[in-house]
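Some notes on the structure that comes next.
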Amino acid sequence: MDKKEHEDIVYSGNPVFPGWYADPEGIIFDDEYWIYPTYSDDYKQPDKSTEFTKWQLDVQKNSINPHYLKQTFFNAFSSKDMVNWTKHSHVLDIKDVKWASYSLWAPSIIGANNKYYLFFSANDIQSDAETGGIGVAISDKPEGPFIDAIGKPLINKFYNEAQPIDQFVFKDDDGQIYMYYGGWRHCNVVKLNSDLLSIKAFEDGDMFKEVTPENYVEGPFVFKRNGKYYFMWSEGGWMGPDYSVAYAIADSPLGPFKRIGKILQQDASIAVGAGHHSVISIPDTDERYIVYHRRPLGTDNAHHRETCIDKLVFDEKGFIKPVKMTSKGVEKREIK
């Protein structure tokens, strides 16, 4: 590549869009990139939900962190080229989820049945006695509006000691859709029925299977490459600089998942607290991008997290190479 060609390359920059956003779920719908993140904190002009029921306001008193009361909606972002992003405000708002009150976290979305299903966690429940857990909302369009689909949580209790948060929905090649989820250092997988609104049993009768790998904390993500299942998760404390991403490879969506090692962690020259990621796979190619949040240098506010994208690269044996965090981001990439 000569100098002139190099100068013509356009990069996304990191973060890819302004604002404090975390736990980004990146996905492709048709020829467009989408990112659905957690609203992490106010940035310049505060963004707020405006409608609450009396019950929702009463339940908000249970929050163990007053900051979680800001997280009552999701914004989404779309792009044709990973460089220019369009914001879609309040694609899901708590006014349309009557059982949720706060802590809307870690959205995961999938297209099926000519609809879009947005899975989310709400209320940060600390025990089975509290109302909350993992819900699902539905829309005709990726930009919403999404409306609560079943009027209650899909999962509302601790099974295998996994807090019902941080869900990720994965469709296997045979059409079966799985949901991986769990906080508090435990991860479960469930099978979803074709309506994506209910859970079905595994062949042995189990409804919830624990698949927790070594050092797992939260934030599971799965993709398939060359017949292998890549299971990824976040380690360390989400509020600290040690937050990071590790992975395993298995022959089955149920594992066993034996930890291989970390592939994303802090770089003291770029950012800290890098974790809770997703992976965008370009159709009909072996190109992949890791979408994740990190905390910029110069702030000690744990909620100041920004969404970034960098390349995900494999070695000749199929192992993931350590991700090089960048400030320039990734090259402009349209989907043909």
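Going through the structure tokens in order, the chains are called A, B, and so on, while each chain numbers its residues from 1 and the ligands are numbered from 1 in the order shown.
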
Could I get the residues of segment 176-287 of chain A with an atom no further than 12 Å from an atom of segment 112-122 of chain A, each paired with its nearest atom pair and that distance in Å to one decimal, using only C-alpha atoms, sorted by chain and residue number, as JSON lines?
```
{"residue": "A:Gln176", "atom": "CA", "partner": "A:Ala112", "partner_atom": "CA", "distance": 11.5}
{"residue": "A:Ile177", "atom": "CA", "partner": "A:Ala112", "partner_atom": "CA", "distance": 10.0}
{"residue": "A:Met179", "atom": "CA", "partner": "A:Phe119", "partner_atom": "CA", "distance": 9.5}
{"residue": "A:Tyr180", "atom": "CA", "partner": "A:Phe119", "partner_atom": "CA", "distance": 11.2}
{"residue": "A:Tyr181", "atom": "CA", "partner": "A:Ser121", "partner_atom": "CA", "distance": 9.8}
{"residue": "A:Gly182", "atom": "CA", "partner": "A:Ser121", "partner_atom": "CA", "distance": 10.2}
{"residue": "A:Gly183", "atom": "CA", "partner": "A:Ser121", "partner_atom": "CA", "distance": 10.9}
{"residue": "A:Leu192", "atom": "CA", "partner": "A:Phe119", "partner_atom": "CA", "distance": 11.9}
{"residue": "A:Asn193", "atom": "CA", "partner": "A:Ala112", "partner_atom": "CA", "distance": 11.5}
{"residue": "A:Ser194", "atom": "CA", "partner": "A:Asn113", "partner_atom": "CA", "distance": 8.4}
{"residue": "A:Asp195", "atom": "CA", "partner": "A:Asn113", "partner_atom": "CA", "distance": 7.7}
{"residue": "A:Leu196", "atom": "CA", "partner": "A:Tyr117", "partner_atom": "CA", "distance": 7.6}
{"residue": "A:Leu197", "atom": "CA", "partner": "A:Tyr117", "partner_atom": "CA", "distance": 9.0}
{"residue": "A:Gly219", "atom": "CA", "partner": "A:Ser121", "partner_atom": "CA", "distance": 11.8}
```

Export, as a PDB file, in the first residue's frame, the selected residues with C-alpha atoms.
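This went into again-v8.pdb:
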```pdb
ATOM      1  CA  GLN A 176     -31.918 -24.270  17.943  1.00  0.00           C
ATOM      2  CA  ILE A 177     -31.691 -21.046  19.923  1.00  0.00           C
ATOM      3  CA  MET A 179     -29.599 -18.393  25.897  1.00  0.00           C
ATOM      4  CA  TYR A 180     -26.474 -18.139  28.039  1.00  0.00           C
ATOM      5  CA  TYR A 181     -26.686 -15.958  31.120  1.00  0.00           C
ATOM      6  CA  GLY A 182     -25.498 -15.382  34.646  1.00  0.00           C
ATOM      7  CA  GLY A 183     -23.783 -13.171  37.143  1.00  0.00           C
ATOM      8  CA  LEU A 192     -35.596 -21.414  23.941  1.00  0.00           C
ATOM      9  CA  ASN A 193     -38.717 -22.602  22.175  1.00  0.00           C
ATOM     10  CA  SER A 194     -39.291 -21.388  18.622  1.00  0.00           C
ATOM     11  CA  ASP A 195     -41.503 -18.555  19.901  1.00  0.00           C
ATOM     12  CA  LEU A 196     -38.479 -17.246  21.868  1.00  0.00           C
ATOM     13  CA  LEU A 197     -40.867 -16.476  24.712  1.00  0.00           C
ATOM     14  CA  GLY A 219     -21.065 -11.335  30.407  1.00  0.00           C
TER      15      GLY A 219
END
```

Closest contacts (segment 177-253 of chain A/segment 262-284 of chain A, max 12 Å, only C-alpha atoms) as JSON lines:
```
{"residue": "A:Gly183", "atom": "CA", "partner": "A:His276", "partner_atom": "CA", "distance": 11.8}
{"residue": "A:Glu214", "atom": "CA", "partner": "A:Lys262", "partner_atom": "CA", "distance": 11.6}
{"residue": "A:Asn215", "atom": "CA", "partner": "A:Lys262", "partner_atom": "CA", "distance": 10.4}
{"residue": "A:Tyr216", "atom": "CA", "partner": "A:Lys262", "partner_atom": "CA", "distance": 11.2}
{"residue": "A:Val217", "atom": "CA", "partner": "A:His276", "partner_atom": "CA", "distance": 10.2}
{"residue": "A:Glu218", "atom": "CA", "partner": "A:His276", "partner_atom": "CA", "distance": 7.8}
{"residue": "A:Gly219", "atom": "CA", "partner": "A:His276", "partner_atom": "CA", "distance": 5.3}
{"residue": "A:Pro220", "atom": "CA", "partner": "A:His276", "partner_atom": "CA", "distance": 8.0}
{"residue": "A:Phe221", "atom": "CA", "partner": "A:Ser278", "partner_atom": "CA", "distance": 6.2}
{"residue": "A:Val222", "atom": "CA", "partner": "A:Val279", "partner_atom": "CA", "distance": 8.4}
{"residue": "A:Phe223", "atom": "CA", "partner": "A:Val279", "partner_atom": "CA", "distance": 7.7}
{"residue": "A:Lys224", "atom": "CA", "partner": "A:Ser281", "partner_atom": "CA", "distance": 9.7}
{"residue": "A:Arg225", "atom": "CA", "partner": "A:Ser281", "partner_atom": "CA", "distance": 9.8}
{"residue": "A:Tyr230", "atom": "CA", "partner": "A:Val279", "partner_atom": "CA", "distance": 10.6}
{"residue": "A:Phe231", "atom": "CA", "partner": "A:Ser278", "partner_atom": "CA", "distance": 10.9}
{"residue": "A:Met232", "atom": "CA", "partner": "A:His277", "partner_atom": "CA", "distance": 8.6}
{"residue": "A:Trp233", "atom": "CA", "partner": "A:His276", "partner_atom": "CA", "distance": 7.2}
{"residue": "A:Ser234", "atom": "CA", "partner": "A:His276", "partner_atom": "CA", "distance": 5.7}
{"residue": "A:Glu235", "atom": "CA", "partner": "A:Gly275", "partner_atom": "CA", "distance": 7.9}
{"residue": "A:Gly236", "atom": "CA", "partner": "A:Gly273", "partner_atom": "CA", "distance": 8.9}
{"residue": "A:Gly237", "atom": "CA", "partner": "A:Gly273", "partner_atom": "CA", "distance": 8.4}
{"residue": "A:Trp238", "atom": "CA", "partner": "A:Gly273", "partner_atom": "CA", "distance": 6.8}
{"residue": "A:Met239", "atom": "CA", "partner": "A:Gly273", "partner_atom": "CA", "distance": 7.2}
{"residue": "A:Gly240", "atom": "CA", "partner": "A:Gly273", "partner_atom": "CA", "distance": 5.9}
{"residue": "A:Pro241", "atom": "CA", "partner": "A:Gly273", "partner_atom": "CA", "distance": 4.2}
{"residue": "A:Asp242", "atom": "CA", "partner": "A:Gly273", "partner_atom": "CA", "distance": 5.9}
{"residue": "A:Tyr243", "atom": "CA", "partner": "A:Gly273", "partner_atom": "CA", "distance": 4.6}
{"residue": "A:Ser244", "atom": "CA", "partner": "A:Gln265", "partner_atom": "CA", "distance": 4.5}
{"residue": "A:Val245", "atom": "CA", "partner": "A:Leu264", "partner_atom": "CA", "distance": 5.0}
{"residue": "A:Ala246", "atom": "CA", "partner": "A:Lys262", "partner_atom": "CA", "distance": 3.9}
{"residue": "A:Tyr247", "atom": "CA", "partner": "A:Lys262", "partner_atom": "CA", "distance": 6.6}
{"residue": "A:Ala248", "atom": "CA", "partner": "A:Lys262", "partner_atom": "CA", "distance": 9.5}
```

> Leaving out Asp206 of chain A and any residue of its chain fewer than 6 positions from it, which residues lie within 10 Å of it when counting only C-alpha atoms, given as a count of residues only?
Replying inline: 3

>> Can you pull out the residues contacting Ala250 of chain A? Cut-off 6 Å, using only C-alpha atoms, and skip same-chain residues under 2 positions away; I want them as number ranges by chain.
In response: A: 228-229, 252, 255, 257

> Which distance in Å separates atom CA of Glu331 of chain A and atom CA of Val83 of chain A, to one decimal?
Replying inline: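 Interatomic distance here is 7.9 Å.
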
> Quick one: of A:Asn301, A:Lys141, A:Phe314, A:Ile290, who's nearest to Asn226 of chain A, counting only C-alpha atoms?
Replying inline: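 Of A:Asn301, A:Lys141, A:Phe314, A:Ile290, the one nearest Asn226 of chain A is A:Phe314, counting only C-alpha atoms.
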
List as a short mmCIF file (atom, residue, chain, number, x, y, z; two decimals) with N, CA and C atoms, in the first residue's frame the protein and nucleic acid residues near Pro15 of chain A, meaning an atom at most 7 Å away when only C-alpha atoms are counted, but skip any in the same chain fewer than 5 places from it.
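Result file follows (result.cif):
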```
data_model
loop_
_atom_site.label_atom_id
_atom_site.label_comp_id
_atom_site.auth_asym_id
_atom_site.auth_seq_id
_atom_site.Cartn_x
_atom_site.Cartn_y
_atom_site.Cartn_z
N GLU A 306 -17.18 3.58 27.79
CA GLU A 306 -17.47 3.96 26.41
C GLU A 306 -17.37 2.75 25.50
N THR A 307 -18.14 2.76 24.42
CA THR A 307 -18.21 1.63 23.50
C THR A 307 -17.18 1.75 22.39
N CYS A 308 -16.40 0.69 22.20
CA CYS A 308 -15.30 0.68 21.24
C CYS A 308 -15.36 -0.57 20.37
#
```

> If you measure from atom CA of Pro296 of chain A to atom CA of Pro142 of chain A, what distance in Å do you get, rounded to one decimal?
Replying inline: 29.3 Å

>> Just to confirm, what's the straight-line distance from atom CA of Gln163 of chain A to atom CA of Trp184 of chain A in Å (one decimal)?
In response: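 The value is 5.9 Å.
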
>> Using only C-alpha atoms for the distances, tell me which of A:Glu130, A:Asp93, A:Asp166, A:Asp42 is nearest to Phe146 of chain A.
In response: A:Asp93

>> With only C-alpha atoms as the counted atoms, please give the residues lying no more than 10 Å from Ile28 of chain A, apart from itself and same-chain residues fewer than 2 positions off, as an NGL selection string.
In response: :A and (26 or 30-35 or 78-80 or 110-111 or 280-283 or 335)

> Contacts of Asn62 of chain A at 10 Å or less, counting only C-alpha atoms, minus same-chain residues fewer than 2 places along, as a list in words?
Replying inline: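 So the residues in contact are Leu57, Asp58, Val59, Gln60, Ile64, Asn65, Pro66, Ser101, Tyr102, Asn123, Asp124, Ile125, Gln126 and Glu130 of chain A.
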
Keeping all heavy atoms, export the residues of the selection given above as an mmCIF file, in the first residue's frame.
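After the write, again-v8.cif holds the following:
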```cif
data_model
loop_
_atom_site.group_PDB
_atom_site.id
_atom_site.type_symbol
_atom_site.label_atom_id
_atom_site.label_comp_id
_atom_site.auth_asym_id
_atom_site.auth_seq_id
_atom_site.Cartn_x
_atom_site.Cartn_y
_atom_site.Cartn_z
ATOM 1 N N LEU A 57 -41.937 2.980 41.209
ATOM 2 C CA LEU A 57 -41.255 3.916 42.095
ATOM 3 C C LEU A 57 -41.015 3.293 43.469
ATOM 4 O O LEU A 57 -39.961 3.517 44.092
ATOM 5 C CB LEU A 57 -42.071 5.208 42.227
ATOM 6 C CG LEU A 57 -42.169 6.059 40.954
ATOM 7 C CD1 LEU A 57 -43.143 7.213 41.161
ATOM 8 C CD2 LEU A 57 -40.796 6.591 40.553
ATOM 9 N N ASP A 58 -41.960 2.512 43.945
ATOM 10 C CA ASP A 58 -41.781 1.846 45.237
ATOM 11 C C ASP A 58 -40.637 0.834 45.168
ATOM 12 O O ASP A 58 -39.812 0.748 46.086
ATOM 13 C CB ASP A 58 -43.073 1.134 45.645
ATOM 14 C CG ASP A 58 -44.150 2.104 46.112
ATOM 15 O OD1 ASP A 58 -43.815 3.266 46.418
ATOM 16 O OD2 ASP A 58 -45.335 1.700 46.135
ATOM 17 N N VAL A 59 -40.574 0.059 44.088
ATOM 18 C CA VAL A 59 -39.531 -0.955 43.952
ATOM 19 C C VAL A 59 -38.157 -0.309 43.807
ATOM 20 O O VAL A 59 -37.145 -0.880 44.235
ATOM 21 C CB VAL A 59 -39.835 -1.888 42.754
ATOM 22 C CG1 VAL A 59 -38.677 -2.843 42.496
ATOM 23 C CG2 VAL A 59 -41.105 -2.681 43.021
ATOM 24 N N GLN A 60 -38.101 0.881 43.252
ATOM 25 C CA GLN A 60 -36.816 1.562 43.092
ATOM 26 C C GLN A 60 -36.116 1.785 44.431
ATOM 27 O O GLN A 60 -34.892 1.935 44.481
ATOM 28 C CB GLN A 60 -37.007 2.896 42.365
ATOM 29 C CG GLN A 60 -37.281 2.718 40.880
ATOM 30 C CD GLN A 60 -37.333 4.039 40.136
ATOM 31 O OE1 GLN A 60 -37.218 5.114 40.731
ATOM 32 N NE2 GLN A 60 -37.516 3.982 38.825
ATOM 33 N N ILE A 64 -29.628 -1.241 45.312
ATOM 34 C CA ILE A 64 -28.453 -1.194 46.179
ATOM 35 C C ILE A 64 -27.473 -0.121 45.738
ATOM 36 O O ILE A 64 -26.480 0.143 46.407
ATOM 37 C CB ILE A 64 -27.749 -2.569 46.225
ATOM 38 C CG1 ILE A 64 -27.258 -2.968 44.820
ATOM 39 C CG2 ILE A 64 -28.671 -3.626 46.797
ATOM 40 C CD1 ILE A 64 -26.451 -4.252 44.800
ATOM 41 N N ASN A 65 -27.726 0.490 44.588
ATOM 42 C CA ASN A 65 -26.870 1.549 44.070
ATOM 43 C C ASN A 65 -27.771 2.599 43.430
ATOM 44 O O ASN A 65 -28.452 2.306 42.438
ATOM 45 C CB ASN A 65 -25.894 0.980 43.036
ATOM 46 C CG ASN A 65 -24.880 2.001 42.538
ATOM 47 O OD1 ASN A 65 -25.135 3.206 42.537
ATOM 48 N ND2 ASN A 65 -23.736 1.529 42.083
ATOM 49 N N PRO A 66 -27.809 3.813 43.981
ATOM 50 C CA PRO A 66 -28.710 4.832 43.427
ATOM 51 C C PRO A 66 -28.451 5.130 41.956
ATOM 52 O O PRO A 66 -29.349 5.589 41.246
ATOM 53 C CB PRO A 66 -28.456 6.063 44.309
ATOM 54 C CG PRO A 66 -27.162 5.805 45.003
ATOM 55 C CD PRO A 66 -27.052 4.322 45.142
ATOM 56 N N SER A 101 -38.193 -1.944 37.141
ATOM 57 C CA SER A 101 -38.137 -0.634 37.792
ATOM 58 C C SER A 101 -36.817 0.093 37.580
ATOM 59 O O SER A 101 -36.775 1.319 37.580
ATOM 60 C CB SER A 101 -38.379 -0.782 39.301
ATOM 61 O OG SER A 101 -39.701 -1.200 39.549
ATOM 62 N N TYR A 102 -35.720 -0.639 37.429
ATOM 63 C CA TYR A 102 -34.395 -0.034 37.290
ATOM 64 C C TYR A 102 -33.416 -1.101 36.829
ATOM 65 O O TYR A 102 -33.791 -2.266 36.624
ATOM 66 C CB TYR A 102 -33.923 0.584 38.611
ATOM 67 C CG TYR A 102 -33.866 -0.388 39.761
ATOM 68 C CD1 TYR A 102 -32.693 -1.088 40.056
ATOM 69 C CD2 TYR A 102 -34.976 -0.619 40.563
ATOM 70 C CE1 TYR A 102 -32.638 -1.990 41.107
ATOM 71 C CE2 TYR A 102 -34.930 -1.517 41.616
ATOM 72 C CZ TYR A 102 -33.765 -2.209 41.878
ATOM 73 O OH TYR A 102 -33.707 -3.102 42.914
ATOM 74 N N ASN A 123 -33.861 -4.958 37.363
ATOM 75 C CA ASN A 123 -34.064 -4.907 38.812
ATOM 76 C C ASN A 123 -32.924 -5.485 39.642
ATOM 77 O O ASN A 123 -33.004 -5.463 40.877
ATOM 78 C CB ASN A 123 -35.382 -5.573 39.235
ATOM 79 C CG ASN A 123 -36.605 -4.829 38.745
ATOM 80 O OD1 ASN A 123 -36.493 -3.840 38.019
ATOM 81 N ND2 ASN A 123 -37.770 -5.304 39.108
ATOM 82 N N ASP A 124 -31.869 -6.018 38.996
ATOM 83 C CA ASP A 124 -30.681 -6.462 39.752
ATOM 84 C C ASP A 124 -31.085 -7.240 40.998
ATOM 85 O O ASP A 124 -30.658 -6.938 42.114
ATOM 86 C CB ASP A 124 -29.839 -5.229 40.131
ATOM 87 C CG ASP A 124 -28.557 -5.593 40.868
ATOM 88 O OD1 ASP A 124 -27.959 -6.636 40.545
ATOM 89 O OD2 ASP A 124 -28.153 -4.819 41.757
ATOM 90 N N ILE A 125 -31.920 -8.260 40.832
ATOM 91 C CA ILE A 125 -32.436 -8.958 42.019
ATOM 92 C C ILE A 125 -31.301 -9.635 42.787
ATOM 93 O O ILE A 125 -30.358 -10.168 42.211
ATOM 94 C CB ILE A 125 -33.543 -9.962 41.661
ATOM 95 C CG1 ILE A 125 -33.036 -11.079 40.742
ATOM 96 C CG2 ILE A 125 -34.735 -9.245 41.048
ATOM 97 C CD1 ILE A 125 -34.055 -12.197 40.542
ATOM 98 N N GLN A 126 -31.430 -9.617 44.099
ATOM 99 C CA GLN A 126 -30.431 -10.180 45.001
ATOM 100 C C GLN A 126 -30.883 -11.494 45.624
ATOM 101 O O GLN A 126 -30.108 -12.154 46.307
ATOM 102 C CB GLN A 126 -30.122 -9.171 46.112
ATOM 103 C CG GLN A 126 -29.691 -7.800 45.608
ATOM 104 C CD GLN A 126 -28.361 -7.850 44.893
ATOM 105 O OE1 GLN A 126 -27.339 -8.210 45.478
ATOM 106 N NE2 GLN A 126 -28.349 -7.480 43.616
ATOM 107 N N GLU A 130 -37.300 -11.307 45.368
ATOM 108 C CA GLU A 130 -37.502 -10.026 44.697
ATOM 109 C C GLU A 130 -38.075 -10.224 43.299
ATOM 110 O O GLU A 130 -37.901 -11.280 42.675
ATOM 111 C CB GLU A 130 -36.179 -9.259 44.607
ATOM 112 C CG GLU A 130 -35.575 -8.936 45.965
ATOM 113 C CD GLU A 130 -34.228 -8.237 45.829
ATOM 114 O OE1 GLU A 130 -34.042 -7.449 44.882
ATOM 115 O OE2 GLU A 130 -33.352 -8.503 46.667
#
```

>> If you run DSSP on the backbone here, which positions in segment 34-243 of chain A get helix (DSSP H, G or I)? Please write them as JSON, numbers by chain.
In response: {"A": [54, 55, 56, 57, 58, 59, 60, 61, 62, 66, 67, 68, 69, 70, 94, 95, 96]}

Include N, CA, C and O atoms and write out the residues we just selected as a compact mmCIF listing (two decimals), in the first residue's frame.
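part.txt, written as the output of this step:
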```
# COMPACT_ATOMS: atom_id res chain seq x y z
N LYS A 54 -46.66 3.82 40.21
CA LYS A 54 -46.39 3.90 41.64
C LYS A 54 -45.61 2.68 42.10
O LYS A 54 -44.69 2.78 42.92
N TRP A 55 -45.98 1.49 41.58
CA TRP A 55 -45.27 0.27 41.95
C TRP A 55 -43.81 0.34 41.55
O TRP A 55 -42.93 -0.03 42.33
N GLN A 56 -43.51 0.83 40.35
CA GLN A 56 -42.13 0.95 39.91
C GLN A 56 -41.33 1.88 40.83
O GLN A 56 -40.19 1.59 41.19
N LEU A 57 -41.94 2.98 41.21
CA LEU A 57 -41.25 3.92 42.10
C LEU A 57 -41.01 3.29 43.47
O LEU A 57 -39.96 3.52 44.09
N ASP A 58 -41.96 2.51 43.94
CA ASP A 58 -41.78 1.85 45.24
C ASP A 58 -40.64 0.83 45.17
O ASP A 58 -39.81 0.75 46.09
N VAL A 59 -40.57 0.06 44.09
CA VAL A 59 -39.53 -0.96 43.95
C VAL A 59 -38.16 -0.31 43.81
O VAL A 59 -37.15 -0.88 44.23
N GLN A 60 -38.10 0.88 43.25
CA GLN A 60 -36.82 1.56 43.09
C GLN A 60 -36.12 1.79 44.43
O GLN A 60 -34.89 1.93 44.48
N LYS A 61 -36.87 1.76 45.51
CA LYS A 61 -36.28 1.92 46.84
C LYS A 61 -35.39 0.73 47.21
O LYS A 61 -34.59 0.81 48.14
N ASN A 62 -35.52 -0.39 46.47
CA ASN A 62 -34.72 -1.58 46.75
C ASN A 62 -33.34 -1.52 46.12
O ASN A 62 -32.50 -2.38 46.42
N PRO A 66 -27.81 3.81 43.98
CA PRO A 66 -28.71 4.83 43.43
C PRO A 66 -28.45 5.13 41.96
O PRO A 66 -29.35 5.59 41.25
N HIS A 67 -27.24 4.83 41.49
CA HIS A 67 -26.93 5.08 40.08
C HIS A 67 -27.78 4.21 39.16
O HIS A 67 -28.09 4.59 38.03
N TYR A 68 -28.17 3.02 39.64
CA TYR A 68 -28.94 2.10 38.82
C TYR A 68 -30.32 2.68 38.44
O TYR A 68 -30.96 2.21 37.50
N LEU A 69 -30.76 3.69 39.18
CA LEU A 69 -32.05 4.31 38.88
C LEU A 69 -32.01 5.10 37.59
O LEU A 69 -33.06 5.45 37.03
N LYS A 70 -30.80 5.39 37.09
CA LYS A 70 -30.68 6.07 35.79
C LYS A 70 -30.88 5.11 34.63
O LYS A 70 -31.13 5.53 33.50
N ILE A 94 -38.78 1.72 30.23
CA ILE A 94 -39.39 1.01 31.35
C ILE A 94 -40.91 1.18 31.42
O ILE A 94 -41.61 0.37 32.02
N LYS A 95 -41.42 2.22 30.76
CA LYS A 95 -42.87 2.40 30.75
C LYS A 95 -43.58 1.24 30.04
O LYS A 95 -44.78 1.02 30.25
N ASP A 96 -42.83 0.51 29.20
CA ASP A 96 -43.40 -0.61 28.47
C ASP A 96 -43.03 -1.97 29.06
O ASP A 96 -43.20 -3.01 28.42
```

> What residues in segment 76-194 of chain A get the DSSP label strand (DSSP E)? Please answer as a count of residues only.
Replying inline: 52

>> Considering only C-alpha atoms, can you say which of A:Ile134, A:Ala149, A:Val330, A:Ile199 comes closest to Ala162 of chain A?
In response: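 For Ala162 of chain A, the nearest of the candidates is A:Ile134.
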
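Nearest residue to Phe319 of chain A, choosing from A:Gly132, A:Gly298, A:Pro24, A:Gly261 and counting only C-alpha atoms: A:Gly261.
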
>> Restricting the calculation to only C-alpha atoms: of A:Asp23, A:Glu143, A:Glu287, A:Asp310, which residue gets closest to Pro107 of chain A?
In response: A:Asp23
